[in-house]
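Data file: query-v2.cif. Format and content: mmCIF, C-alpha atoms and all ligand atoms.
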```cif
data_model
loop_
_atom_site.label_atom_id
_atom_site.label_comp_id
_atom_site.auth_asym_id
_atom_site.auth_seq_id
_atom_site.Cartn_x
_atom_site.Cartn_y
_atom_site.Cartn_z
CA MET K 1 42.04 -35.81 -113.80
CA ASN K 2 43.58 -38.05 -111.15
CA ASP K 3 45.92 -39.79 -113.56
CA PRO K 4 49.58 -39.85 -112.51
CA PRO K 5 51.46 -36.90 -114.06
CA GLY K 6 53.38 -37.97 -117.14
CA SER K 7 51.29 -41.12 -117.74
CA ASP K 8 49.56 -41.90 -121.02
CA GLU K 9 46.24 -41.30 -119.25
CA ASP K 10 47.39 -37.90 -118.03
CA PHE K 11 48.35 -36.74 -121.52
CA MET K 12 45.21 -38.23 -123.06
CA ALA K 13 43.15 -36.34 -120.45
CA GLN K 14 44.86 -33.17 -121.69
CA ALA K 15 44.03 -34.10 -125.30
CA LEU K 16 40.38 -34.63 -124.27
CA ALA K 17 40.38 -31.19 -122.64
CA GLU K 18 41.70 -29.73 -125.92
CA ALA K 19 38.98 -31.55 -127.88
CA ALA K 20 36.31 -30.20 -125.53
CA ARG K 21 37.05 -26.68 -126.81
CA GLY K 22 35.45 -27.68 -130.11
CA LEU K 23 32.31 -29.25 -128.62
CA GLY K 24 29.16 -27.89 -130.25
CA ARG K 25 31.17 -26.33 -133.09
CA THR K 26 32.52 -29.18 -135.21
CA SER K 27 29.43 -30.95 -136.55
CA PRO K 28 29.25 -32.91 -138.81
CA ASN K 29 32.84 -33.59 -137.77
CA PRO K 30 33.88 -34.92 -134.36
CA PRO K 31 35.51 -32.86 -131.61
CA VAL K 32 39.14 -34.06 -131.54
CA GLY K 33 42.16 -33.03 -129.47
CA CYS K 34 45.87 -33.75 -129.84
CA VAL K 35 48.84 -33.27 -127.52
CA LEU K 36 52.46 -33.83 -128.65
CA VAL K 37 54.93 -34.85 -125.97
CA GLN K 38 58.75 -35.06 -126.11
CA PRO K 39 59.87 -37.83 -123.77
CA ASN K 40 62.31 -36.69 -121.07
CA GLY K 41 63.45 -37.98 -117.69
CA SER K 42 60.31 -36.87 -115.86
CA GLY K 43 57.52 -38.26 -118.01
CA GLY K 44 57.61 -35.81 -120.88
CA GLU K 45 57.21 -32.22 -121.99
CA VAL K 46 54.21 -31.01 -123.97
CA VAL K 47 55.53 -29.40 -127.16
CA GLY K 48 52.29 -28.90 -129.06
CA ARG K 49 48.53 -28.87 -128.56
CA GLY K 50 45.63 -28.63 -130.94
CA PHE K 51 41.93 -29.19 -131.40
CA HIS K 52 39.56 -29.35 -134.35
CA PRO K 53 37.70 -26.01 -134.29
CA ARG K 54 35.10 -26.67 -137.00
CA ALA K 55 34.40 -28.65 -140.18
CA GLY K 56 36.47 -27.38 -143.10
CA GLU K 57 39.32 -26.26 -140.87
CA PRO K 58 42.47 -28.32 -140.17
CA HIS K 59 42.29 -31.30 -137.87
CA ALA K 60 43.59 -31.35 -134.29
CA GLU K 61 46.89 -33.03 -135.24
CA VAL K 62 47.76 -30.27 -137.70
CA PHE K 63 47.46 -27.52 -135.09
CA ALA K 64 49.56 -29.50 -132.62
CA LEU K 65 52.24 -30.22 -135.26
CA ARG K 66 52.35 -26.53 -136.23
CA GLU K 67 52.98 -25.53 -132.63
CA ALA K 68 55.65 -28.20 -132.10
CA GLY K 69 57.57 -27.49 -135.31
CA GLU K 70 60.88 -29.41 -135.33
CA ARG K 71 60.18 -30.66 -131.80
CA ALA K 72 57.58 -33.07 -133.19
CA ARG K 73 60.44 -35.34 -134.29
CA GLY K 74 60.62 -38.34 -131.94
CA ALA K 75 57.57 -37.15 -130.00
CA THR K 76 54.55 -39.12 -128.85
CA ALA K 77 51.20 -37.92 -130.22
CA TYR K 78 48.14 -38.33 -127.99
CA VAL K 79 45.01 -38.13 -130.15
CA THR K 80 41.43 -38.59 -128.94
CA LEU K 81 40.35 -40.12 -132.28
CA GLU K 82 42.21 -42.38 -134.70
CA PRO K 83 44.14 -40.08 -137.07
CA CYS K 84 42.44 -39.96 -140.45
CA SER K 85 43.79 -41.73 -143.53
CA HIS K 86 41.65 -40.10 -146.22
CA PHE K 87 41.50 -36.93 -148.26
CA GLY K 88 38.33 -35.17 -147.11
CA ARG K 89 38.11 -31.42 -146.80
CA THR K 90 41.67 -31.78 -145.45
CA PRO K 91 44.59 -34.18 -146.16
CA PRO K 92 45.29 -37.31 -144.03
CA CYS K 93 46.56 -36.68 -140.50
CA ALA K 94 48.30 -40.08 -140.40
CA ASP K 95 50.58 -38.84 -143.21
CA ALA K 96 51.20 -35.52 -141.45
CA LEU K 97 52.28 -37.33 -138.25
CA MET K 98 54.58 -39.62 -140.28
CA ALA K 99 56.12 -36.72 -142.20
CA ALA K 100 56.83 -34.85 -138.97
CA GLY K 101 58.79 -37.82 -137.58
CA VAL K 102 56.46 -38.64 -134.69
CA ALA K 103 57.72 -41.86 -133.04
CA ARG K 104 54.64 -43.08 -131.19
CA VAL K 105 50.91 -42.48 -131.47
CA VAL K 106 48.47 -43.09 -128.60
CA VAL K 107 44.80 -43.08 -129.56
CA ALA K 108 41.69 -43.05 -127.38
CA ALA K 109 39.05 -44.35 -129.82
CA GLY K 110 38.86 -45.66 -133.38
CA ASP K 111 37.23 -43.58 -136.10
CA PRO K 112 33.93 -45.23 -137.23
CA ASN K 113 33.91 -43.17 -140.44
CA PRO K 114 33.90 -45.88 -143.18
CA GLN K 115 36.56 -43.85 -144.99
CA VAL K 116 38.92 -44.35 -142.02
CA ASN K 117 37.80 -47.25 -139.77
CA GLY K 118 41.20 -48.68 -138.84
CA ARG K 119 43.09 -47.52 -141.93
CA GLY K 120 44.65 -44.60 -140.08
CA LEU K 121 46.14 -46.96 -137.49
CA GLU K 122 47.28 -49.39 -140.19
CA ARG K 123 49.03 -46.63 -142.09
CA LEU K 124 50.91 -45.52 -138.98
CA ARG K 125 51.93 -49.07 -138.07
CA ALA K 126 53.07 -49.77 -141.62
CA ALA K 127 55.38 -46.75 -141.33
CA GLY K 128 57.02 -48.26 -138.24
CA ILE K 129 55.32 -45.99 -135.73
CA ALA K 130 54.40 -47.54 -132.35
CA VAL K 131 50.61 -47.33 -132.01
CA GLN K 132 48.56 -47.85 -128.87
CA THR K 133 44.79 -47.58 -128.69
CA GLY K 134 42.06 -47.57 -126.06
CA VAL K 135 43.55 -45.03 -123.60
CA LEU K 136 40.60 -43.26 -121.88
CA GLU K 137 38.40 -44.75 -124.58
CA ALA K 138 35.13 -44.54 -122.62
CA GLN K 139 35.55 -40.80 -122.02
CA ALA K 140 36.46 -40.22 -125.67
CA VAL K 141 33.48 -42.21 -126.94
CA ARG K 142 31.18 -40.13 -124.73
CA GLN K 143 32.77 -36.90 -125.92
CA GLN K 144 32.36 -38.00 -129.56
CA ALA K 145 28.88 -39.46 -129.03
CA GLY K 146 27.22 -37.16 -131.54
CA PHE K 147 29.69 -37.95 -134.30
CA ARG K 148 29.54 -41.67 -133.55
CA ALA K 149 25.72 -41.67 -133.64
CA ARG K 150 25.92 -39.81 -136.96
CA MET K 151 28.25 -42.46 -138.39
CA LEU K 152 26.75 -45.59 -136.80
CA LEU K 153 23.04 -44.77 -136.40
CA GLY K 154 22.43 -42.08 -139.03
CA ARG K 155 20.72 -39.86 -136.47
CA PRO K 156 21.68 -37.42 -133.69
CA PHE K 157 22.68 -38.62 -130.21
CA VAL K 158 19.80 -37.74 -127.87
CA ILE K 159 20.40 -36.66 -124.27
CA TYR K 160 17.34 -36.33 -122.05
CA LYS K 161 17.98 -33.78 -119.32
CA TYR K 162 15.56 -33.17 -116.49
CA ALA K 163 15.45 -31.99 -112.90
CA MET K 164 13.23 -33.67 -110.35
CA THR K 165 12.45 -33.48 -106.68
CA LEU K 166 13.41 -36.18 -104.18
CA ASP K 167 9.94 -37.66 -104.72
CA GLY K 168 10.52 -37.86 -108.46
CA LYS K 169 8.50 -34.93 -109.80
CA VAL K 170 9.67 -32.49 -112.46
CA ALA K 171 6.86 -29.98 -111.94
CA ALA K 172 3.63 -29.42 -110.07
CA LEU K 173 0.57 -30.71 -111.92
CA GLU K 174 -0.66 -27.31 -113.06
CA GLU K 175 2.71 -26.36 -114.59
CA GLY K 176 4.00 -27.32 -118.01
CA GLY K 177 7.09 -29.11 -116.72
CA GLY K 178 9.38 -27.18 -119.02
CA SER K 179 12.75 -25.54 -118.64
CA GLU K 180 11.61 -22.75 -116.35
CA ALA K 181 10.02 -25.28 -114.01
CA ASN K 182 13.34 -27.14 -113.99
CA GLY K 183 15.15 -23.94 -113.12
CA ALA K 184 13.03 -23.65 -110.03
CA VAL K 185 13.69 -27.26 -109.00
CA THR K 186 17.51 -27.07 -108.84
CA GLY K 187 20.05 -24.57 -107.56
CA PRO K 188 22.46 -22.29 -109.45
CA GLU K 189 25.28 -24.85 -109.75
CA ALA K 190 22.99 -27.29 -111.58
CA ARG K 191 21.66 -24.47 -113.72
CA ALA K 192 25.22 -23.48 -114.70
CA ARG K 193 25.98 -27.08 -115.68
CA VAL K 194 22.97 -27.10 -117.98
CA MET K 195 24.23 -23.92 -119.64
CA GLY K 196 27.53 -25.72 -120.28
CA TRP K 197 25.64 -28.55 -121.99
CA ARG K 198 23.70 -26.10 -124.14
CA ASN K 199 27.00 -24.59 -125.23
CA GLU K 200 28.18 -28.07 -126.30
CA ALA K 201 25.00 -29.37 -127.98
CA ASP K 202 24.16 -28.75 -131.62
CA ALA K 203 20.46 -28.43 -130.90
CA ILE K 204 17.99 -28.26 -128.03
CA ALA K 205 14.49 -29.72 -128.25
CA VAL K 206 11.25 -28.89 -126.47
CA GLY K 207 7.63 -29.74 -127.09
CA VAL K 208 5.22 -26.99 -128.06
CA ASP K 209 3.43 -27.26 -124.69
CA THR K 210 6.62 -26.29 -122.86
CA LEU K 211 7.03 -23.43 -125.31
CA LEU K 212 3.47 -22.20 -124.76
CA THR K 213 3.79 -22.45 -120.96
CA ASP K 214 7.28 -21.01 -120.42
CA ASP K 215 8.23 -19.16 -123.63
CA PRO K 216 11.84 -20.32 -123.00
CA GLN K 217 14.74 -18.60 -124.75
CA LEU K 218 16.72 -21.85 -125.13
CA THR K 219 19.96 -19.86 -125.14
CA THR K 220 23.32 -20.36 -123.43
CA ARG K 221 23.79 -17.85 -120.64
CA GLY K 222 26.78 -17.23 -118.40
CA VAL K 223 29.31 -19.28 -120.41
CA VAL K 224 32.39 -17.30 -121.52
CA GLY K 225 32.68 -17.62 -125.30
CA GLY K 226 29.46 -19.62 -125.36
CA ARG K 227 27.21 -20.15 -128.37
CA ASP K 228 23.54 -21.03 -128.55
CA PRO K 229 22.24 -24.41 -129.65
CA ARG K 230 19.73 -24.53 -132.47
CA PRO K 231 16.19 -24.62 -131.05
CA VAL K 232 14.01 -27.50 -132.22
CA ILE K 233 10.31 -27.32 -131.40
CA PHE K 234 8.17 -30.42 -131.72
CA ASP K 235 4.85 -28.96 -132.76
CA ARG K 236 2.67 -31.24 -134.90
CA GLN K 237 -0.01 -28.66 -135.65
CA GLY K 238 2.15 -25.55 -135.96
CA ARG K 239 0.81 -23.90 -132.79
CA THR K 240 4.10 -22.10 -132.04
CA PRO K 241 3.44 -18.34 -131.78
CA PRO K 242 5.57 -16.44 -134.32
CA THR K 243 6.61 -14.18 -131.43
CA ALA K 244 8.03 -17.08 -129.35
CA ARG K 245 11.42 -16.15 -127.91
CA ALA K 246 13.00 -19.42 -129.11
CA LEU K 247 12.13 -18.66 -132.75
CA ARG K 248 15.44 -17.14 -133.74
CA PRO K 249 16.73 -17.60 -137.31
CA GLY K 250 17.56 -21.24 -137.94
CA ALA K 251 15.16 -22.56 -135.31
CA VAL K 252 13.48 -25.76 -136.49
CA VAL K 253 9.79 -26.49 -136.05
CA VAL K 254 8.94 -30.17 -136.52
CA THR K 255 5.35 -30.48 -137.73
CA ALA K 256 3.08 -33.26 -138.97
CA PRO K 257 3.25 -33.65 -142.76
CA GLY K 258 0.84 -31.20 -144.37
CA ALA K 259 0.60 -28.87 -141.38
CA GLU K 260 0.48 -25.26 -142.56
CA ALA K 261 2.56 -22.73 -140.68
CA PRO K 262 3.41 -19.87 -143.07
CA ALA K 263 3.79 -17.37 -140.21
CA LEU K 264 6.55 -19.52 -138.70
CA ALA K 265 8.45 -19.68 -141.99
CA ASP K 266 8.12 -15.88 -142.22
CA ALA K 267 9.56 -15.64 -138.71
CA GLY K 268 12.72 -17.40 -139.96
CA ALA K 269 11.95 -20.94 -138.74
CA VAL K 270 12.94 -24.00 -140.74
CA LEU K 271 9.83 -26.17 -141.07
CA LEU K 272 10.58 -29.88 -140.85
CA PRO K 273 7.55 -32.04 -141.67
CA ALA K 274 7.90 -35.55 -140.24
CA ALA K 275 5.45 -38.39 -139.69
CA THR K 276 7.53 -40.05 -136.95
CA LEU K 277 10.26 -39.13 -134.49
CA GLU K 278 12.69 -41.29 -136.48
CA GLU K 279 11.93 -39.22 -139.56
CA ALA K 280 12.34 -35.99 -137.58
CA LEU K 281 15.74 -37.14 -136.32
CA ARG K 282 16.83 -38.05 -139.85
CA GLY K 283 15.82 -34.53 -140.93
CA LEU K 284 17.84 -33.01 -138.08
CA HIS K 285 20.80 -35.22 -139.01
CA ASP K 286 20.59 -33.84 -142.56
CA LEU K 287 20.60 -30.31 -141.12
CA GLY K 288 23.94 -31.15 -139.42
CA VAL K 289 22.65 -31.84 -135.92
CA SER K 290 24.79 -34.51 -134.22
CA THR K 291 23.83 -33.98 -130.57
CA LEU K 292 20.33 -33.12 -129.42
CA LEU K 293 19.63 -32.01 -125.87
CA LEU K 294 16.06 -32.89 -124.96
CA GLU K 295 14.83 -30.40 -122.37
CA GLY K 296 11.20 -31.11 -122.01
CA GLY K 297 8.70 -31.95 -121.17
CA PRO K 298 7.56 -35.40 -120.04
CA THR K 299 5.19 -35.98 -122.96
CA LEU K 300 7.86 -35.42 -125.61
CA ALA K 301 10.43 -37.39 -123.61
CA SER K 302 8.00 -40.31 -123.32
CA ALA K 303 7.54 -40.36 -127.07
CA PHE K 304 11.33 -40.49 -127.52
CA ALA K 305 11.68 -43.24 -124.91
CA GLU K 306 8.87 -45.29 -126.45
CA SER K 307 10.65 -45.15 -129.80
CA ASP K 308 13.95 -46.12 -128.14
CA LEU K 309 15.49 -42.80 -129.16
CA ILE K 310 17.01 -41.72 -125.84
CA ASP K 311 20.74 -42.43 -125.71
CA GLU K 312 21.62 -40.80 -122.42
CA VAL K 313 19.85 -39.44 -119.35
CA ARG K 314 21.17 -36.60 -117.18
CA ALA K 315 18.92 -36.28 -114.16
CA PHE K 316 19.22 -33.74 -111.38
CA ILE K 317 17.70 -34.72 -108.05
CA ALA K 318 16.91 -31.80 -105.76
CA PRO K 319 16.36 -32.23 -102.00
CA LYS K 320 12.74 -31.13 -102.11
CA LEU K 321 9.37 -32.81 -101.89
CA LEU K 322 6.50 -31.81 -104.12
CA GLY K 323 3.72 -34.31 -103.58
CA ALA K 324 1.50 -34.68 -106.62
CA GLY K 325 3.23 -33.67 -109.81
CA LEU K 326 4.52 -34.68 -113.22
CA SER K 327 7.05 -37.49 -113.64
CA PRO K 328 10.04 -37.22 -115.99
CA LEU K 329 8.20 -39.55 -118.39
CA ALA K 330 4.48 -39.01 -118.89
CA GLY K 331 3.52 -42.50 -119.99
CA PRO K 332 4.58 -46.11 -119.45
CA LEU K 333 7.37 -47.65 -121.50
CA ARG K 334 5.08 -50.21 -123.03
CA ARG K 335 7.75 -52.36 -124.57
CA MET K 336 11.12 -52.99 -123.01
CA ASN K 337 13.80 -51.37 -125.11
CA ALA K 338 17.39 -50.23 -124.77
CA ALA K 339 16.30 -46.96 -123.15
CA GLY K 340 14.81 -48.97 -120.30
CA MET K 341 18.22 -50.21 -119.15
CA LEU K 342 20.93 -47.63 -118.51
CA ASP K 343 24.54 -47.71 -117.32
CA MET K 344 25.23 -45.04 -114.73
CA TYR K 345 28.61 -43.53 -115.54
CA ALA K 346 28.75 -40.56 -113.17
CA LEU K 347 27.27 -39.43 -109.87
CA GLU K 348 28.05 -35.91 -108.68
CA GLN K 349 26.89 -33.41 -106.13
CA LEU K 350 26.34 -29.90 -107.52
CA GLY K 351 25.48 -27.48 -104.76
CA ALA K 352 22.53 -29.03 -102.95
CA ASP K 353 21.57 -31.22 -105.92
CA ILE K 354 22.69 -34.61 -107.22
CA LEU K 355 23.43 -35.24 -110.89
CA VAL K 356 23.03 -38.78 -112.20
CA SER K 357 24.42 -39.43 -115.69
CA ALA K 358 23.50 -42.68 -117.39
CA SER K 359 23.87 -43.87 -120.94
CA VAL K 360 22.22 -46.55 -123.03
CA ARG K 361 24.48 -49.32 -124.25
CA ARG K 362 23.61 -49.94 -127.87
CA VAL K 363 26.48 -52.11 -129.09
C1 LIG P 401 41.33 -36.54 -137.36
N1 LIG P 401 41.50 -35.42 -136.63
O1 LIG P 401 40.76 -33.52 -135.77
C2 LIG P 401 39.25 -34.83 -136.98
C3 LIG P 401 39.06 -36.03 -137.72
O2 LIG P 401 36.42 -33.41 -144.27
P1 LIG P 401 37.57 -33.56 -143.33
O3 LIG P 401 38.89 -33.61 -144.02
O4 LIG P 401 37.54 -32.55 -142.20
O5 LIG P 401 37.41 -35.01 -142.66
C4 LIG P 401 36.37 -35.25 -141.76
C5 LIG P 401 36.51 -36.62 -141.20
O6 LIG P 401 37.80 -36.75 -140.57
C6 LIG P 401 35.51 -36.93 -140.10
O7 LIG P 401 34.34 -37.53 -140.63
C7 LIG P 401 36.27 -37.91 -139.22
O8 LIG P 401 36.27 -39.20 -139.79
C8 LIG P 401 37.68 -37.34 -139.30
N2 LIG P 401 37.86 -36.32 -138.27
N3 LIG P 401 40.12 -36.86 -137.87
O9 LIG P 401 42.30 -37.28 -137.59
C9 LIG P 401 40.53 -34.55 -136.42
N4 LIG P 401 38.24 -33.94 -136.84
ZN ZN P 402 42.64 -35.85 -139.81
#
```
Exercise: express the given structure as structure tokens:
Amino acid sequence: MNDPPGSDEDFMAQALAEAARGLGRTSPNPPVGCVLVQPNGSGGEVVGRGFHPRAGEPHAEVFALREAGERARGATAYVTLEPCSHFGRTPPCADALMAAGVARVVVAAGDPNPQVNGRGLERLRAAGIAVQTGVLEAQAVRQQAGFRARMLLGRPFVIYKYAMTLDGKVAALEEGGGSEANGAVTGPEARARVMGWRNEADAIAVGVDTLLTDDPQLTTRGVVGGRDPRPVIFDRQGRTPPTARALRPGAVVVTAPGAEAPALADAGAVLLPAATLEEALRGLHDLGVSTLLLEGGPTLASAFAESDLIDEVRAFIAPKLLGAGLSPLAGPLRRMNAAGMLDMYALEQLGADILVSASVRRV
């Protein structure tokens, strides 16, 4: 947040921070934030803020307009997503902004929903409102990645997270390479960051081998007001023990078609038979999963990468050497695909570890 105070970027950064409060809670809707600003001599005064808390509830703009009341008249609205123009579960936000007398609307990213897709902006312009788009667009697109994948790809956005040593190993050979092994690779700051991601993801995926080795809880710990992502276990033959800690109600077990796992259904799991990873992701999409955090291990991640189903990589690098061990991907990427070429968008030090964030450019 190094944007000059009072600039469009500064207020949009505040709107993005508002939107972030809804992350992991809004699916199938996007996380959206809105800040209303009354221009004054020194850049402007924030008169209303809002975010979309969950599907079925009012949109971000409505909460911000409620807070601003009469002070919305003549204000500038900073919205992280194009205001909607359609009657969905809620009425159009473009109309609400117009009715409140907002003078200018600044938008970060367009809404790819075919019911909106530019019509919100058109409506505002037609009403004589000054409209500007593309402010902090890259950040907004990343924040809305799950929703955008839902709309544009018909599947969840997949983030592969792993932690490796300086010599590129995620676990010693005899270990499973799962989440517990990762916990041992990095320090507490990296661990806390992962908990933040779990809080923001709709679902978290592991392979059954990781589950059998580590019995991970796959919960969010140490985040104030945090919620747990939905566990998804890739387990073709239904080998998941019904007593596994991750098998809380709503957990999904992806099996091969025809695999029998009555004990897992009794334990409250949702069985999702799928012949391919694409089919599994379509099933998760239908269950309302927009962002999927892939946490292990290398065999499952390789299968995703081979099918070009990894959209982003978040890799921790710890200053340790391990010698022989497992790599983040178990097999070769036999054919070059989008997942083979990534754009690094952030590089951070967290405690003693480095975090590299890189996304796949698909369009
Ligand atoms: C906005 N502001 O805060 C959000 C928007 O069923 P509804 O009425 O909730 O509409 C959902 C659609 O509205 C969703 O697919 C997306 O296109 C847009 N979400 N729009 O102006 C918001 N959450
Ligand atoms: Zn709306």
Requested in this report: Might you pull out every residue within 10 Å of Glu82 of chain K, with all atoms listed in the file counted and same-chain residues fewer than 5 positions away left off, and present them as a ChimeraX atom specification?
Outcome: /K:32,93-94,105-112,116-121,133
Query raised in the report: If you measure from atom CA of Ala256 of chain K to atom CA of Gly297 of chain K, what distance in Å do you get, rounded to one decimal?
Result: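 So the two atoms, atom CA of Ala256 of chain K and atom CA of Gly297 of chain K, lie 18.7 Å apart.
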Query raised in the report: Between K:Leu272, K:Leu247, K:Ile129, K:Leu294, which has the minimum distance to Ala203 of chain K (counting all atoms listed in the file)?
Result: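 Comparing K:Leu272, K:Leu247, K:Ile129, K:Leu294 against Ala203 of chain K, the winner is K:Leu294.
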Using 9 Å as the limit and counting all atoms listed in the file, can you tabulate each residue of segment 215-317 of chain K that touches segment 140-147 of chain K, with its shortest atom-to-atom distance in Å and the two atoms involved, as a tab-separated table?
```
residue	atom	partner	partner_atom	distance
K:Val289	CA	K:Gly146	CA	8.3
K:Ser290	CA	K:Gly146	CA	4.5
K:Thr291	CA	K:Gly146	CA	4.7
K:Leu292	CA	K:Gly146	CA	8.3
```
Please report, as a Markdown table, each residue of chain K lying at most 8 Å from ligand LIG 401 (chain P), together with the nearest pair of atoms and the separation in Å rounded to one decimal; use only C-alpha atoms and all ligand atoms, and order rows by chain and ascending residue number.
```
| residue | atom | partner | partner_atom | distance |
| --- | --- | --- | --- | --- |
| K:Thr26 | CA | P:LIG401 | N4 | 7.6 |
| K:Pro28 | CA | P:LIG401 | O7 | 7.1 |
| K:Asn29 | CA | P:LIG401 | C6 | 4.9 |
| K:Pro30 | CA | P:LIG401 | N4 | 5.1 |
| K:Pro31 | CA | P:LIG401 | N4 | 6.0 |
| K:Val32 | CA | P:LIG401 | O1 | 4.6 |
| K:Gly33 | CA | P:LIG401 | O1 | 6.5 |
| K:Cys34 | CA | P:LIG401 | O1 | 7.8 |
| K:Phe51 | CA | P:LIG401 | O1 | 6.3 |
| K:His52 | CA | P:LIG401 | O1 | 4.6 |
| K:Arg54 | CA | P:LIG401 | N4 | 7.9 |
| K:Ala55 | CA | P:LIG401 | O4 | 5.4 |
| K:Gly56 | CA | P:LIG401 | O4 | 5.4 |
| K:Glu57 | CA | P:LIG401 | O4 | 6.7 |
| K:Pro58 | CA | P:LIG401 | O4 | 6.8 |
| K:His59 | CA | P:LIG401 | O1 | 3.4 |
| K:Ala60 | CA | P:LIG401 | O1 | 3.9 |
| K:Glu61 | CA | P:LIG401 | N1 | 6.1 |
| K:Val62 | CA | P:LIG401 | O1 | 8.0 |
| K:Val79 | CA | P:LIG401 | N1 | 7.9 |
| K:Leu81 | CA | P:LIG401 | C1 | 6.3 |
| K:Glu82 | CA | P:LIG401 | O9 | 5.9 |
| K:Pro83 | CA | P:LIG401 | O9 | 3.4 |
| K:Cys84 | CA | P:LIG401 | O9 | 3.9 |
| K:Ser85 | CA | P:LIG401 | O9 | 7.6 |
| K:His86 | CA | P:LIG401 | O3 | 7.4 |
| K:Phe87 | CA | P:LIG401 | O3 | 6.0 |
| K:Gly88 | CA | P:LIG401 | O3 | 3.5 |
| K:Arg89 | CA | P:LIG401 | O3 | 3.6 |
| K:Thr90 | CA | P:LIG401 | O3 | 3.6 |
| K:Pro91 | CA | P:LIG401 | O3 | 6.1 |
| K:Pro92 | CA | P:LIG401 | O9 | 7.1 |
| K:Cys93 | CA | P:LIG401 | O9 | 5.2 |
| K:Ala94 | CA | P:LIG401 | O9 | 7.2 |
| K:Asp111 | CA | P:LIG401 | O8 | 5.8 |
| K:Pro112 | CA | P:LIG401 | O8 | 7.0 |
| K:Asn113 | CA | P:LIG401 | O8 | 4.7 |
| K:Pro114 | CA | P:LIG401 | O8 | 7.9 |
| K:Gln115 | CA | P:LIG401 | O8 | 7.0 |
| K:Val116 | CA | P:LIG401 | O8 | 6.2 |
| K:Phe147 | CA | P:LIG401 | O7 | 7.9 |
```
Report task. Kindly give the distance, in Å, that separates atom CA of Arg150 of chain K and atom CA of Asn199 of chain K, rounded to a single decimal. Result ->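 Those two atoms sit 19.2 Å apart.
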Query raised in the report: Could you pull the residues within 9 Å of segment 186-196 of chain K, counting only C-alpha atoms, minus those fewer than 2 positions along the same chain, as a PyMOL selection string?
Result: chain K and resi 161+163-165+182-184+198-201+219-223+226+316-319+350-355
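For the set K:Gly225, K:Pro257, K:Pro242, K:Gly50, the residue with the smallest atom-to-atom gap to ligand ZN 402 (chain P) is K:Gly50, counting all atoms listed in the file.
Across K:Val102, K:Ala324, K:Ala96, K:Val35, the tightest approach to ligand ZN 402 (chain P) is made by K:Ala96 when counting only C-alpha atoms and all ligand atoms.
Each of K:Ala75, K:Ala13, K:Leu97, K:Ile233 was compared to ligand ZN 402 (chain P) using all atoms listed in the file, and K:Leu97 turns out to be the nearest.
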Report task. Name the closest residue to ligand ZN 402 (chain P) among the candidates K:Leu23, K:Ala64, K:Ala172, K:Ala130; distances are taken between atoms, counting all atoms listed in the file. Result -> K:Ala64
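Closest approach to Ala126 of chain K from the set K:Val170, K:Lys320, K:Met98, K:Ala205 is made by K:Met98, with distances taken over only C-alpha atoms.
If you count all atoms listed in the file and draw a sphere of 9 Å around (5.4, -22.2, -126.6), the protein and nucleic acid residues inside it come out as Val206, Gly207, Val208, Asp209, Thr210, Leu211, Leu212, Thr213, Asp214, Asp215, Pro216, Ile233, Arg239, Thr240, Pro241, Ala244, Arg245 and Ala246 of chain K.
Between atom CA of Lys169 of chain K and atom CA of Ala301 of chain K the separation is 14.2 Å.
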Requested in this report: Write out as number ranges by chain which residues come within 12 Å of Ala280 of chain K when counting all atoms listed in the file, dropping same-chain ones fewer than 5 positions away.
Outcome: K: 154-156, 205, 232-236, 252-257, 271-275, 285-287, 289, 292, 304, 309
